[in-house]
Amino acid sequence: MLLSGSGKPQFGEGNREVGEAPLGRPVWAAVGGSLMSLCLPFTGVATMKFKSPPVNSLSLEFLTEFSISLEKLENNRACRGVIITSTLPKIFSSGLDITEMCGKSMEHYTEFWRAVQEMWLRLYGSNMVTVAAVNGSSPAGGCLVAMSCDYRIMAENPKFSIGLNEAQLGIVAPFWFKDTFVNVVGHRIAERSLQLGSLHPAPEAHKLGLVDELVPEEKLMERAAAVMAQWLALPDHARQLTKTMMRKAVLDRLVAHREEDIKNFVTFVSKESIQKSLRMYMEMLKKRKS
Ligand SMILES: CCCCC/C=C\CCCC/C=C/C(=O)SCCNC(=O)CCNC(=O)[C@H](O)C(C)(C)COP(=O)(O)OP(=O)(O)OC[C@H]1O[C@@H](n2cnc3c(N)ncnc32)[C@H](O)[C@@H]1OP(=O)(O)O
């Protein structure tokens, strides 16, 4: 992932610490692990770019790096907003890495699910302004990442789709995926879309309110920066308290039921019938390719 931004530098880039420039001005700070890049320029707005080929699947490693990056930004007082996008052509994120949910131990499923929860708690509960610049397809967990942001701008290409398609895989979106979806599009649209496991092409996603606006792909980052500036024009404390008021109930629900949710996931995903569905789905993806 690539993460970039400005302000008070606190990060290291790989092994390189980013410090003060000779004139005492903060330098552009780049952080990153291998799966995303992060930069924080003088504007106080970070850009986080997923870069985990082939399809930015949310593996345990990716989720861990994502959460650490968010924590670093959250703790950096100079950082007020983050734009999340992808370096890969045509893909924002393919969602949870299915191989993390196939043929692994109970301990692994537990660790993986905790990492999924952690990422969501950090992103959905972030004090920063979060804008998703969705420059490609974004199924399931990828859609969750976009929905957890404050605002979604999607490239207007109808070949790109977004949605919670879990039902198509024979699995069930957990209650906090569903809650996040309901908070974005409302109960009726969420119910129909979840039951059918729909992936909505960009124009339809816009009509449903799943994304806030569509722009030509080449204008995506420019528009994301403009939206960010608009949101940052307000005093942080008022915006943050309002955000908390809107999201707290849903966040608290997972916090209160976190261990139970992990147990449910592990029990569910360990079932042979679910393992079979996931294996068949992976085979279908491979066949579709050839
Ligand atoms: C009642 C109690 C409930 C409790 C909880 C229970 C259950 C748990 C719920 C879990 C929630 C799950 C959330 C998820 O996110 S599941 C993942 C859903 N994702 C998808 O369905 C996307 C699948 N992928 C695609 O549709 C396409 O790959 C694409 C993203 C549109 C990209 O298409 P394209 O550019 O044509 O690439 P390929 O299809 O050729 O893929 C390239 C290789 O990447 C592999 N791949 C793709 N997606 C994934 C993935 N999500 N995880 C792992 N690997 C993935 C694909 O197989 C190809 O691999 P290969 O090169 O080795 O063949």
# chains A, B, ... in the order shown; residues from 1 in each chain; ligands from 1

$ residues_near_ligand --ligand "ligand 1" --cutoff "6 Å" --atoms "only C-alpha atoms and all ligand atoms" --output "PyMOL selection string"
chain A and resi 54-55+57+94-99+137+139-141+166+171-174+264-265+268+282+285-286+289

$ write_last_selection --atoms "C-alpha atoms" --output "short mmCIF file (atom, residue, chain, number, x, y, z; two decimals), in the first residue's frame"
data_model
loop_
_atom_site.label_atom_id
_atom_site.label_comp_id
_atom_site.auth_asym_id
_atom_site.auth_seq_id
_atom_site.Cartn_x
_atom_site.Cartn_y
_atom_site.Cartn_z
CA PRO A 54 -2.94 -8.45 -8.69
CA VAL A 55 -6.19 -7.14 -7.17
CA SER A 57 -7.04 -8.35 -1.83
CA SER A 94 -11.19 -7.16 -4.62
CA GLY A 95 -12.28 -7.42 -0.99
CA LEU A 96 -11.17 -9.87 1.65
CA ASP A 97 -8.49 -12.25 0.50
CA ILE A 98 -10.45 -15.46 0.03
CA THR A 99 -7.32 -17.58 0.42
CA SER A 137 -14.07 -2.43 -9.08
CA PRO A 139 -16.61 -5.90 -4.34
CA ALA A 140 -17.44 -6.97 -0.77
CA GLY A 141 -14.61 -5.97 1.61
CA GLU A 166 -21.13 -12.05 -0.25
CA ILE A 171 -21.35 -16.49 2.61
CA VAL A 172 -23.12 -13.84 4.66
CA ALA A 173 -22.07 -10.23 5.19
CA PRO A 174 -21.65 -9.77 8.95
CA ASN A 264 -19.39 -16.71 14.68
CA PHE A 265 -16.99 -16.09 11.82
CA PHE A 268 -19.16 -20.33 9.99
CA MET A 282 -12.02 -19.41 -6.42
CA LEU A 285 -12.55 -16.97 -10.85
CA LYS A 286 -9.67 -18.94 -12.32
CA LYS A 289 -9.81 -16.00 -16.65
#

$ closest_residue --among "A:Ser161, A:Gln168, A:Asn127, A:Thr267" --to "Arg77 in chain A" --atoms "only C-alpha atoms"
A:Asn127

$ residues_around --residues "range 104-113 of chain A" --least-positions-apart "2" --cutoff "6 Å" --atoms "only C-alpha atoms" --output "list of chain:residue names"
A:Leu60, A:Cys102, A:Ala115, A:Val116, A:Val266

$ write_last_selection --atoms "C-alpha atoms" --output "mmCIF file, in the first residue's frame"
data_model
loop_
_atom_site.group_PDB
_atom_site.id
_atom_site.type_symbol
_atom_site.label_atom_id
_atom_site.label_comp_id
_atom_site.auth_asym_id
_atom_site.auth_seq_id
_atom_site.Cartn_x
_atom_site.Cartn_y
_atom_site.Cartn_z
ATOM 1 C CA LEU A 60 -3.974 -10.398 6.936
ATOM 2 C CA CYS A 102 -9.789 -21.315 2.893
ATOM 3 C CA ALA A 115 -7.651 -7.770 11.684
ATOM 4 C CA VAL A 116 -10.730 -7.173 9.502
ATOM 5 C CA VAL A 266 -14.663 -18.939 12.787
#

$ closest_residue --among "A:Pro235, A:Leu35, A:Ala225, A:Arg247" --to "Leu123 in chain A" --atoms "only C-alpha atoms"
A:Arg247

$ residues_around --residues "Pro89 in chain A" --least-positions-apart "5" --cutoff "12 Å" --atoms "only C-alpha atoms" --output "list in words"
Lys49, Phe50, Lys51, Ser52, Pro53, Pro54, Val55, Asn56, Val134, Asn135, Gly136, Ser137, Ala155, Phe160, Glu217 and Glu218 of chain A

$ write_last_selection --atoms "C-alpha atoms" --output "compact mmCIF listing (two decimals), in the first residue's frame"
# COMPACT_ATOMS: atom_id res chain seq x y z
CA LYS A 49 -2.68 4.20 -2.35
CA PHE A 50 -3.24 0.48 -2.30
CA LYS A 51 -0.58 -1.39 -4.24
CA SER A 52 -1.00 -5.07 -3.70
CA PRO A 53 -1.16 -6.81 -7.10
CA PRO A 54 -2.94 -8.45 -8.69
CA VAL A 55 -6.19 -7.14 -7.17
CA ASN A 56 -5.53 -5.47 -3.78
CA VAL A 134 -12.79 4.52 -6.21
CA ASN A 135 -10.83 4.03 -9.42
CA GLY A 136 -11.92 0.47 -10.17
CA SER A 137 -14.07 -2.43 -9.08
CA ALA A 155 -14.70 6.64 -11.86
CA PHE A 160 -16.38 -0.93 -12.65
CA GLU A 217 -11.26 8.64 -14.23
CA GLU A 218 -8.60 11.25 -15.04

$ residues_around --residues "Met154 in chain A" --least-positions-apart "2" --cutoff "9 Å" --atoms "only C-alpha atoms" --output "PyMOL selection string"
chain A and resi 132-136+152+156-157+160+202+206+211-217+220

$ select_by_dssp --residues "range 4-250 of chain A" --states "strand (DSSP E or B)" --output "VMD selection string"
chain A and resid 4 to 5 12 to 13 16 to 17 20 26 29 to 32 36 to 40 45 to 50 58 81 to 86 90 to 91 96 129 to 134 136 to 139 151 to 155 161 to 163 200 to 201 213 to 215

$ closest_residue --among "A:Leu38, A:Ile153, A:Ala78, A:Leu63" --to "Ala226 in chain A" --atoms "only C-alpha atoms"
A:Ile153

$ residues_around --residues "Glu118 in chain A" --least-positions-apart "5" --cutoff "12 Å" --atoms "only C-alpha atoms" --output "PyMOL selection string"
chain A and resi 60+63-68+70-71+111-113+123-126+251+254-255+258+262

$ atom_distance --atom1 "CA of Ser198 in chain A" --atom2 "CA of Met284 in chain A"
17.3 Å

$ closest_residue --among "A:Leu199, A:Ser69, A:Lys263, A:Val250" --to "Trp176 in chain A" --atoms "only C-alpha atoms"
A:Val250

$ atom_distance --atom1 "CA of Gly142 in chain A" --atom2 "CA of Ile162 in chain A"
7.9 Å

$ residues_around --residues "range 186-194 of chain A" --least-positions-apart "2" --cutoff "10 Å" --atoms "only C-alpha atoms" --output "PyMOL selection string"
chain A and resi 163-168+172-173+178-184+196-200+208-210

$ atom_distance --atom1 "CA of Val82 in chain A" --atom2 "CA of Leu232 in chain A"
10.9 Å

$ closest_residue --among "A:Met101, A:Val145, A:Met228, A:Met48" --to "Thr87 in chain A" --atoms "only C-alpha atoms"
A:Met48

$ select_by_dssp --residues "range 49-196 of chain A" --states "helix (DSSP H, G or I)" --output "number ranges by chain"
A: 60-75, 98-101, 106-124, 141-147, 166-169, 175-185, 187-196
